file target_17.cif (mmCIF, C-alpha atoms)
data_target
#
loop_
_atom_site.label_atom_id
_atom_site.label_comp_id
_atom_site.auth_asym_id
_atom_site.auth_seq_id
_atom_site.Cartn_x
_atom_site.Cartn_y
_atom_site.Cartn_z
CA LYS A 1 88.78 154.19 115.43
CA THR A 2 87.21 150.79 116.03
CA ALA A 3 86.85 148.54 112.99
CA PRO A 4 83.44 146.94 112.53
CA GLU A 5 83.04 143.23 113.22
CA GLY A 6 80.85 140.61 111.63
CA THR A 7 80.01 136.99 112.36
CA PHE A 8 79.33 133.89 110.32
CA THR A 9 76.21 131.80 110.86
CA LYS A 10 77.87 128.41 110.30
CA GLU A 11 80.78 126.62 111.92
CA TYR A 12 84.16 126.97 110.30
CA ASN A 13 87.81 126.02 110.59
CA TYR A 14 90.30 128.85 110.68
CA SER A 15 93.72 128.38 109.11
CA SER A 16 96.29 130.75 107.59
CA GLN A 17 93.98 133.77 108.06
CA THR A 18 91.21 132.05 106.10
CA TYR A 19 87.81 130.77 107.23
CA TYR A 20 86.89 127.37 105.78
CA PHE A 21 83.28 126.20 105.52
CA ALA A 22 81.86 122.80 104.57
CA GLU A 23 78.37 124.23 103.92
CA PRO A 24 76.73 127.49 102.78
CA THR A 25 77.03 130.32 105.31
CA ALA A 26 75.77 133.84 105.85
CA PHE A 27 77.63 136.88 107.18
CA THR A 28 76.00 139.33 109.59
CA TRP A 29 76.87 142.53 111.50
CA ASN A 30 75.07 144.74 114.01
CA ASP A 31 76.16 148.22 112.91
CA ASP A 32 73.25 149.58 110.87
CA LEU A 33 75.52 152.14 109.26
CA ALA A 34 78.12 149.61 108.11
CA PHE A 35 78.04 147.92 104.72
CA ALA A 36 79.81 144.97 103.14
CA THR A 37 80.96 143.71 99.78
CA VAL A 38 81.76 140.17 98.71
CA ASN A 39 84.32 139.97 95.93
CA THR A 40 83.72 143.72 95.44
CA VAL A 41 79.95 143.20 94.93
CA GLU A 42 77.52 144.79 97.40
CA TYR A 43 76.35 142.23 99.97
CA GLU A 44 73.04 142.11 101.86
CA ASN A 45 73.39 141.59 105.61
CA GLY A 46 72.52 137.97 106.52
CA SER A 47 72.14 136.63 102.98
CA TYR A 48 73.66 133.22 102.26
CA ILE A 49 76.77 132.55 100.21
CA VAL A 50 75.98 129.22 98.61
CA GLU A 51 78.48 128.47 95.86
CA GLU A 52 81.79 126.70 96.43
CA GLY A 53 84.81 128.93 95.96
CA GLU A 54 87.03 131.62 97.48
CA TYR A 55 85.53 134.89 98.67
CA TYR A 56 86.86 138.19 99.97
CA ILE A 57 84.54 140.05 102.33
CA GLU A 58 85.11 143.71 103.15
CA LEU A 59 83.08 145.25 105.98
CA LYS A 60 83.29 149.06 106.28
CA ASP A 61 81.67 151.56 108.65
CA VAL A 62 80.79 155.22 107.96
CA ALA A 63 84.06 156.39 109.50
CA GLY A 64 85.97 154.40 106.94
CA ASN A 65 87.17 151.66 109.31
CA VAL A 66 87.48 148.37 107.45
CA THR A 67 87.61 144.69 108.45
CA THR A 68 88.33 142.03 105.84
CA TYR A 69 87.66 138.30 105.77
CA ASN A 70 88.99 135.63 103.44
CA ILE A 71 86.69 132.64 103.26
CA VAL A 72 86.55 129.38 101.34
CA LEU A 73 83.41 127.33 100.78
CA ASP A 74 84.33 123.72 100.09
CA PHE A 75 81.57 121.09 100.07
CA THR A 76 83.59 118.34 98.39
CA LYS A 77 84.80 115.35 100.38
CA PRO A 78 88.52 114.66 100.02
CA VAL A 79 89.61 111.42 98.41
CA GLY A 80 92.73 109.26 98.49
CA THR A 81 94.14 106.23 96.74
CA PHE A 82 95.51 102.93 97.99
CA ILE A 83 98.74 101.70 96.41
CA ALA A 84 97.74 98.04 96.03
CA THR A 85 94.97 96.00 94.46
CA TYR A 86 92.01 95.25 96.70
CA ASN A 87 88.61 93.59 96.70
CA ASP A 88 85.66 95.72 97.77
CA PHE A 89 82.93 94.07 99.86
CA ASP A 90 80.17 96.36 101.11
CA GLY A 91 82.54 99.32 101.23
CA VAL A 92 85.33 97.49 103.06
CA PHE A 93 88.57 97.04 101.11
CA TYR A 94 90.41 93.71 101.48
CA PHE A 95 94.13 93.45 100.73
CA LYS A 96 96.24 90.28 100.60
CA LYS A 97 99.50 92.19 100.90
CA SER A 98 100.88 95.38 102.42
CA THR A 99 99.53 98.66 101.06
CA ALA A 100 99.96 102.43 101.37
CA PHE A 101 97.68 105.44 101.06
CA THR A 102 98.21 108.67 99.16
CA TRP A 103 96.27 111.83 98.25
CA SER A 104 96.64 115.02 96.25
CA GLY A 105 97.80 118.28 97.77
CA SER A 106 99.04 119.03 101.25
CA SER A 107 96.02 120.64 102.91
CA SER A 108 94.34 117.47 104.17
CA THR A 109 94.94 115.73 107.50
CA VAL A 110 95.06 111.92 107.47
CA THR A 111 94.94 109.47 110.35
CA LEU A 112 95.42 105.71 110.44
CA ASP A 113 93.60 104.00 113.30
CA GLY A 114 93.43 107.35 115.10
CA SER A 115 97.12 108.30 114.72
CA ASN A 116 98.65 110.73 112.24
CA TYR A 117 99.61 109.05 108.98
CA VAL A 118 102.41 110.12 106.64
CA LYS A 119 101.57 109.96 102.95
CA SER A 120 102.67 106.75 101.17
CA THR A 121 103.93 105.05 104.36
CA THR A 122 103.65 101.26 104.06
CA ILE A 123 100.85 99.66 106.08
CA ALA A 124 101.87 96.06 106.73
CA THR A 125 100.07 94.89 109.87
CA GLU A 126 97.33 92.33 109.31
CA GLY A 127 93.91 93.18 110.70
CA ASN A 128 91.14 95.77 110.48
CA HIS A 129 92.14 99.38 109.87
CA VAL A 130 90.51 102.80 109.42
CA ILE A 131 91.91 105.73 107.46
CA THR A 132 90.26 109.13 107.87
CA ILE A 133 91.10 112.01 105.54
CA THR A 134 89.86 115.49 106.50
CA ASP A 135 90.26 118.74 104.56
CA LYS A 136 90.51 122.27 105.96
CA ALA A 137 86.78 122.81 105.68
CA GLY A 138 86.10 119.75 107.81
CA ASN A 139 84.87 117.51 105.00
CA GLU A 140 85.76 113.95 105.90
CA THR A 141 86.09 110.62 104.11
CA ILE A 142 86.55 107.34 105.97
CA TYR A 143 88.09 104.20 104.48
CA ASN A 144 87.61 100.88 106.26
CA PHE A 145 90.00 98.17 105.10
CA VAL A 146 91.46 94.80 106.06
CA ILE A 147 94.93 93.46 105.45
CA ASP A 148 94.82 89.66 105.32
CA LYS A 149 97.95 87.93 104.07
CA THR A 150 97.03 84.49 105.44
CA ALA A 151 95.55 81.80 103.23
CA PRO A 152 92.50 80.00 104.63
CA THR A 153 93.02 76.48 106.02
CA LEU A 154 91.28 73.42 104.59
CA VAL A 155 90.14 70.89 107.19
CA PRO A 156 89.10 67.40 105.94
CA SER A 157 86.71 65.33 108.06
CA GLU A 158 89.44 62.72 108.48
CA THR A 159 93.19 62.83 108.07
CA GLY A 160 93.63 60.20 105.37
CA ASN A 161 97.10 59.42 104.02
CA TYR A 162 99.20 62.16 102.45
CA LYS A 163 101.70 61.26 99.74
CA ASN A 164 103.30 63.26 96.91
CA ASN A 165 101.09 66.30 97.64
CA VAL A 166 97.91 64.24 97.33
CA ARG A 167 95.66 63.16 100.19
CA TYR A 168 94.11 59.66 99.98
CA PHE A 169 90.88 58.58 101.64
CA LYS A 170 89.23 55.16 101.81
CA ASN A 171 85.87 56.50 103.01
CA ASN A 172 83.41 59.24 102.17
CA ILE A 173 84.90 62.63 102.91
CA SER A 174 83.93 66.25 103.50
CA TYR A 175 85.85 69.50 103.93
CA ASN A 176 85.47 72.51 106.15
CA TRP A 177 87.67 75.58 106.70
CA GLU A 178 88.77 77.77 109.57
CA ASP A 179 87.97 81.12 107.98
CA ASN A 180 84.60 82.87 107.93
CA GLU A 181 85.85 85.20 105.17
CA VAL A 182 85.87 82.46 102.51
CA ILE A 183 83.74 83.62 99.58
CA LYS A 184 84.36 80.89 97.01
CA SER A 185 84.72 77.12 97.33
CA LEU A 186 84.98 74.71 94.42
CA VAL A 187 85.51 71.00 93.97
CA ASN A 188 86.59 70.13 90.44
CA ASP A 189 85.40 73.62 89.40
CA LEU A 190 81.90 73.04 90.78
CA ASP A 191 80.47 74.94 93.74
CA TYR A 192 81.02 73.19 97.02
CA ILE A 193 79.28 73.81 100.36
CA ALA A 194 81.33 73.34 103.52
CA THR A 195 80.89 69.89 105.17
CA ALA A 196 79.02 68.47 102.13
CA ILE A 197 79.85 64.76 101.85
CA ILE A 198 81.68 63.50 98.76
CA GLU A 199 81.01 59.82 98.15
CA ASP A 200 82.14 58.84 94.67
CA GLU A 201 85.54 57.34 94.08
CA GLY A 202 87.90 59.44 92.00
CA THR A 203 90.41 62.27 91.99
CA TYR A 204 89.34 65.73 93.15
CA THR A 205 90.76 69.20 93.66
CA ILE A 206 89.21 71.53 96.20
CA VAL A 207 89.91 75.29 96.06
CA ILE A 208 88.80 77.97 98.51
CA VAL A 209 89.33 81.74 98.23
CA ASP A 210 88.88 84.40 100.92
CA ARG A 211 87.79 88.02 100.53
CA ALA A 212 91.35 89.27 100.22
CA GLY A 213 92.03 86.81 97.38
CA ASN A 214 94.15 84.38 99.39
CA GLU A 215 93.71 80.84 98.08
CA ALA A 216 94.11 77.34 99.47
CA SER A 217 93.83 74.15 97.44
CA GLU A 218 94.32 70.44 97.84
CA THR A 219 94.13 67.41 95.58
CA PHE A 220 92.62 64.28 97.07
CA VAL A 221 91.58 60.79 96.02
CA ILE A 222 88.71 58.70 97.29
CA ASP A 223 89.57 55.02 96.84
CA LYS A 224 87.28 52.54 98.57
CA THR A 225 88.45 49.50 96.59
CA ALA A 226 90.74 47.05 98.38
CA PRO A 227 93.80 46.00 96.36
CA GLU A 228 93.92 42.46 95.00
CA GLY A 229 96.94 40.26 94.49
CA ILE A 230 97.67 37.05 92.56
CA LEU A 231 99.45 34.12 94.15
CA THR A 232 101.93 32.30 91.94
CA GLY A 233 103.91 29.10 92.40
CA VAL A 234 101.14 27.32 94.29
CA GLU A 235 100.00 23.90 93.02
CA ASP A 236 96.69 22.19 93.70
CA ASN A 237 96.96 18.86 95.48
#
call {"tool": "encode", "arguments": {"input": "target_17.cif", "output": "structure tokens"}}
result
Amino acid sequence: KTAPEGTFTKEYNYSSQTYYFAEPTAFTWNDDLAFATVNTVEYENGSYIVEEGEYYIELKDVAGNVTTYNIVLDFTKPVGTFIATYNDFDGVFYFKKSTAFTWSGSSSTVTLDGSNYVKSTTIATEGNHVITITDKAGNETIYNFVIDKTAPTLVPSETGNYKNNVRYFKNNISYNWEDNEVIKSLVNDLDYIATAIIEDEGTYTIVIVDRAGNEASETFVIDKTAPEGILTGVEDN
């Protein structure tokens, strides 16, 4: 009266009476008089099932006792989509505003920074984050991303005088910034290296951009020439 039992050679996740595998597996049993079919085709004890898909295994002994197994082989990593534009640097996504994450279907489990995440929930907190999406077979995809809504800060080598949104200097000047994520820096549309000294008189605009796309800019003037005046109403003796 006892139904025969078989075992799988690879690890699996079991859900809704189905065995899920993330790699090829074999099925084995110890009863020499039992036999099995896979999708109604005769199956050799211990041979590997290698193709992705859904399978129905039926294991039967000589008395007619039957045990059935539903299995799914799924080798494909799940994917999701962010609902916001980002910049990709070495596999890390940088956002300059809040974002959200979504995916197809309902069979995957998703966590944000180790806690369960609800599809399309807004992620607003600045900083480093990790989203992990895992399907029933155990395939996993990890997304590392940064939310950075703060523009970098320009720091001139001296304060100068600030008037009408323009900064005025009477000496040579250089600029630095308090952000190690700055990826582009220009002065009058030419590449600029932090702390490089600018000597020539004239009007300049400096622009810096960080990885998330936040931008800071400033217009400044270097004027080393002292003003001159003309005295009137004075007679020579």
call {"tool": "atom_distance", "arguments": {"input": "target_17.cif", "atom1": "atom CA of A:Trp103", "atom2": "atom CA of A:Glu51"}}
result
24.5 Å
call {"tool": "resolve_selection", "arguments": {"input": "target_17.cif", "expression": "the PyMOL selection byres ((chain A and resi 83) around 10)", "output": "VMD selection string"}}
result
chain A and resid 80 to 82 84 to 86 98 to 102 120 122
call {"tool": "resolve_selection", "arguments": {"input": "target_17.cif", "expression": "the PyMOL selection byres ((chain A and resi 136) around 10)", "output": "ChimeraX atom specification"}}
result
/A:12-15,18-22,72,74,78,107-109,134-135,137-140
call {"tool": "write_last_selection", "arguments": {"input": "target_17.cif", "atoms": "C-alpha atoms", "output": "tab-separated table (two decimals), in the coordinates of the input"}}
result
chain	number	residue	atom	x	y	z
A	12	TYR	CA	84.16	126.97	110.30
A	13	ASN	CA	87.81	126.02	110.59
A	14	TYR	CA	90.30	128.85	110.68
A	15	SER	CA	93.72	128.38	109.11
A	18	THR	CA	91.21	132.05	106.10
A	19	TYR	CA	87.81	130.77	107.23
A	20	TYR	CA	86.89	127.37	105.78
A	21	PHE	CA	83.28	126.20	105.52
A	22	ALA	CA	81.86	122.80	104.57
A	72	VAL	CA	86.55	129.38	101.34
A	74	ASP	CA	84.33	123.72	100.09
A	78	PRO	CA	88.52	114.66	100.02
A	107	SER	CA	96.02	120.64	102.91
A	108	SER	CA	94.34	117.47	104.17
A	109	THR	CA	94.94	115.73	107.50
A	134	THR	CA	89.86	115.49	106.50
A	135	ASP	CA	90.26	118.74	104.56
A	137	ALA	CA	86.78	122.81	105.68
A	138	GLY	CA	86.10	119.75	107.81
A	139	ASN	CA	84.87	117.51	105.00
A	140	GLU	CA	85.76	113.95	105.90
call {"tool": "atom_distance", "arguments": {"input": "target_17.cif", "atom1": "atom CA of A:Phe35", "atom2": "atom CA of A:Lys60"}}
result
5.6 Å
call {"tool": "atom_distance", "arguments": {"input": "target_17.cif", "atom1": "atom CA of A:Asp61", "atom2": "atom CA of A:Ser16"}}
result
25.5 Å
call {"tool": "closest_residue", "arguments": {"input": "target_17.cif", "among": "A:Thr2, A:Ser47, A:Asn39, A:Asn180", "to": "A:Pro24", "atoms": "only C-alpha atoms"}}
result
A:Ser47
call {"tool": "closest_residue", "arguments": {"input": "target_17.cif", "among": "A:Gly91, A:Thr205, A:Asp189, A:Ile133", "to": "A:Lys77", "atoms": "only C-alpha atoms"}}
result
A:Ile133
call {"tool": "closest_residue", "arguments": {"input": "target_17.cif", "among": "A:Glu218, A:Val182, A:Glu11, A:Tyr143", "to": "A:Val166", "atoms": "all atoms listed in the file"}}
result
A:Glu218
call {"tool": "build_atoms", "arguments": {"input": "target_17.cif", "residues": "stretch 17-49 of chain A", "atoms": "N, CA and C atoms", "output": "PDB file, in the frame of the given file"}}
result
ATOM      1  N   GLN A  17      94.779 132.551 108.222  1.00  0.00           N
ATOM      2  CA  GLN A  17      93.980 133.770 108.060  1.00  0.00           C
ATOM      3  C   GLN A  17      92.812 133.580 107.081  1.00  0.00           C
ATOM      4  N   THR A  18      92.342 132.353 106.984  1.00  0.00           N
ATOM      5  CA  THR A  18      91.210 132.050 106.100  1.00  0.00           C
ATOM      6  C   THR A  18      90.186 131.222 106.868  1.00  0.00           C
ATOM      7  N   TYR A  19      88.909 131.510 106.631  1.00  0.00           N
ATOM      8  CA  TYR A  19      87.810 130.770 107.230  1.00  0.00           C
ATOM      9  C   TYR A  19      87.331 129.715 106.219  1.00  0.00           C
ATOM     10  N   TYR A  20      87.289 128.466 106.665  1.00  0.00           N
ATOM     11  CA  TYR A  20      86.890 127.370 105.780  1.00  0.00           C
ATOM     12  C   TYR A  20      85.536 126.812 106.225  1.00  0.00           C
ATOM     13  N   PHE A  21      84.630 126.690 105.246  1.00  0.00           N
ATOM     14  CA  PHE A  21      83.280 126.200 105.520  1.00  0.00           C
ATOM     15  C   PHE A  21      82.979 124.962 104.673  1.00  0.00           C
ATOM     16  N   ALA A  22      82.275 124.010 105.285  1.00  0.00           N
ATOM     17  CA  ALA A  22      81.860 122.800 104.570  1.00  0.00           C
ATOM     18  C   ALA A  22      80.398 122.873 104.142  1.00  0.00           C
ATOM     19  N   GLU A  23      79.769 124.038 104.302  1.00  0.00           N
ATOM     20  CA  GLU A  23      78.370 124.230 103.920  1.00  0.00           C
ATOM     21  C   GLU A  23      78.137 125.717 103.668  1.00  0.00           C
ATOM     22  N   PRO A  24      77.026 126.066 103.006  1.00  0.00           N
ATOM     23  CA  PRO A  24      76.730 127.490 102.780  1.00  0.00           C
ATOM     24  C   PRO A  24      76.658 128.248 104.111  1.00  0.00           C
ATOM     25  N   THR A  25      77.051 129.492 104.094  1.00  0.00           N
ATOM     26  CA  THR A  25      77.030 130.320 105.310  1.00  0.00           C
ATOM     27  C   THR A  25      76.527 131.719 104.965  1.00  0.00           C
ATOM     28  N   ALA A  26      76.127 132.433 105.995  1.00  0.00           N
ATOM     29  CA  ALA A  26      75.770 133.840 105.850  1.00  0.00           C
ATOM     30  C   ALA A  26      76.699 134.670 106.728  1.00  0.00           C
ATOM     31  N   PHE A  27      76.791 135.933 106.431  1.00  0.00           N
ATOM     32  CA  PHE A  27      77.630 136.880 107.180  1.00  0.00           C
ATOM     33  C   PHE A  27      76.735 137.991 107.700  1.00  0.00           C
ATOM     34  N   THR A  28      76.878 138.312 108.989  1.00  0.00           N
ATOM     35  CA  THR A  28      76.000 139.330 109.590  1.00  0.00           C
ATOM     36  C   THR A  28      76.829 140.322 110.403  1.00  0.00           C
ATOM     37  N   TRP A  29      76.260 141.513 110.634  1.00  0.00           N
ATOM     38  CA  TRP A  29      76.870 142.530 111.500  1.00  0.00           C
ATOM     39  C   TRP A  29      75.753 143.361 112.122  1.00  0.00           C
ATOM     40  N   ASN A  30      76.074 144.020 113.230  1.00  0.00           N
ATOM     41  CA  ASN A  30      75.070 144.740 114.010  1.00  0.00           C
ATOM     42  C   ASN A  30      75.032 146.239 113.746  1.00  0.00           C
ATOM     43  N   ASP A  31      76.084 146.780 113.170  1.00  0.00           N
ATOM     44  CA  ASP A  31      76.160 148.220 112.910  1.00  0.00           C
ATOM     45  C   ASP A  31      75.297 148.562 111.693  1.00  0.00           C
ATOM     46  N   ASP A  32      74.192 149.264 111.959  1.00  0.00           N
ATOM     47  CA  ASP A  32      73.250 149.580 110.870  1.00  0.00           C
ATOM     48  C   ASP A  32      73.854 150.514 109.836  1.00  0.00           C
ATOM     49  N   LEU A  33      74.918 151.195 110.195  1.00  0.00           N
ATOM     50  CA  LEU A  33      75.520 152.140 109.260  1.00  0.00           C
ATOM     51  C   LEU A  33      76.700 151.531 108.498  1.00  0.00           C
ATOM     52  N   ALA A  34      77.032 150.297 108.823  1.00  0.00           N
ATOM     53  CA  ALA A  34      78.120 149.610 108.110  1.00  0.00           C
ATOM     54  C   ALA A  34      77.564 148.948 106.858  1.00  0.00           C
ATOM     55  N   PHE A  35      78.446 148.651 105.928  1.00  0.00           N
ATOM     56  CA  PHE A  35      78.040 147.920 104.720  1.00  0.00           C
ATOM     57  C   PHE A  35      79.162 146.988 104.307  1.00  0.00           C
ATOM     58  N   ALA A  36      78.822 145.986 103.509  1.00  0.00           N
ATOM     59  CA  ALA A  36      79.810 144.970 103.140  1.00  0.00           C
ATOM     60  C   ALA A  36      79.752 144.688 101.645  1.00  0.00           C
ATOM     61  N   THR A  37      80.891 144.231 101.142  1.00  0.00           N
ATOM     62  CA  THR A  37      80.960 143.710  99.780  1.00  0.00           C
ATOM     63  C   THR A  37      81.575 142.309  99.822  1.00  0.00           C
ATOM     64  N   VAL A  38      81.174 141.500  98.881  1.00  0.00           N
ATOM     65  CA  VAL A  38      81.760 140.170  98.710  1.00  0.00           C
ATOM     66  C   VAL A  38      82.328 140.101  97.310  1.00  0.00           C
ATOM     67  N   ASN A  39      83.618 139.928  97.232  1.00  0.00           N
ATOM     68  CA  ASN A  39      84.320 139.970  95.930  1.00  0.00           C
ATOM     69  C   ASN A  39      83.958 141.247  95.173  1.00  0.00           C
ATOM     70  N   THR A  40      83.960 142.340  95.918  1.00  0.00           N
ATOM     71  CA  THR A  40      83.720 143.720  95.440  1.00  0.00           C
ATOM     72  C   THR A  40      82.263 143.991  95.045  1.00  0.00           C
ATOM     73  N   VAL A  41      81.367 143.008  95.253  1.00  0.00           N
ATOM     74  CA  VAL A  41      79.950 143.200  94.930  1.00  0.00           C
ATOM     75  C   VAL A  41      79.184 143.457  96.228  1.00  0.00           C
ATOM     76  N   GLU A  42      78.280 144.440  96.201  1.00  0.00           N
ATOM     77  CA  GLU A  42      77.520 144.790  97.400  1.00  0.00           C
ATOM     78  C   GLU A  42      76.810 143.557  97.962  1.00  0.00           C
ATOM     79  N   TYR A  43      76.870 143.436  99.301  1.00  0.00           N
ATOM     80  CA  TYR A  43      76.350 142.230  99.970  1.00  0.00           C
ATOM     81  C   TYR A  43      75.256 142.631 100.952  1.00  0.00           C
ATOM     82  N   GLU A  44      74.158 141.859 100.950  1.00  0.00           N
ATOM     83  CA  GLU A  44      73.040 142.110 101.860  1.00  0.00           C
ATOM     84  C   GLU A  44      73.284 141.389 103.179  1.00  0.00           C
ATOM     85  N   ASN A  45      73.172 142.132 104.259  1.00  0.00           N
ATOM     86  CA  ASN A  45      73.390 141.590 105.610  1.00  0.00           C
ATOM     87  C   ASN A  45      72.546 140.329 105.835  1.00  0.00           C
ATOM     88  N   GLY A  46      73.225 139.200 106.175  1.00  0.00           N
ATOM     89  CA  GLY A  46      72.520 137.970 106.520  1.00  0.00           C
ATOM     90  C   GLY A  46      72.161 137.072 105.354  1.00  0.00           C
ATOM     91  N   SER A  47      72.449 137.495 104.130  1.00  0.00           N
ATOM     92  CA  SER A  47      72.140 136.630 102.980  1.00  0.00           C
ATOM     93  C   SER A  47      73.190 135.518 102.878  1.00  0.00           C
ATOM     94  N   TYR A  48      72.773 134.388 102.307  1.00  0.00           N
ATOM     95  CA  TYR A  48      73.660 133.220 102.260  1.00  0.00           C
ATOM     96  C   TYR A  48      74.581 133.242 101.052  1.00  0.00           C
ATOM     97  N   ILE A  49      75.799 132.813 101.286  1.00  0.00           N
ATOM     98  CA  ILE A  49      76.770 132.550 100.210  1.00  0.00           C
ATOM     99  C   ILE A  49      76.720 131.039  99.989  1.00  0.00           C
TER     100      ILE A  49
END
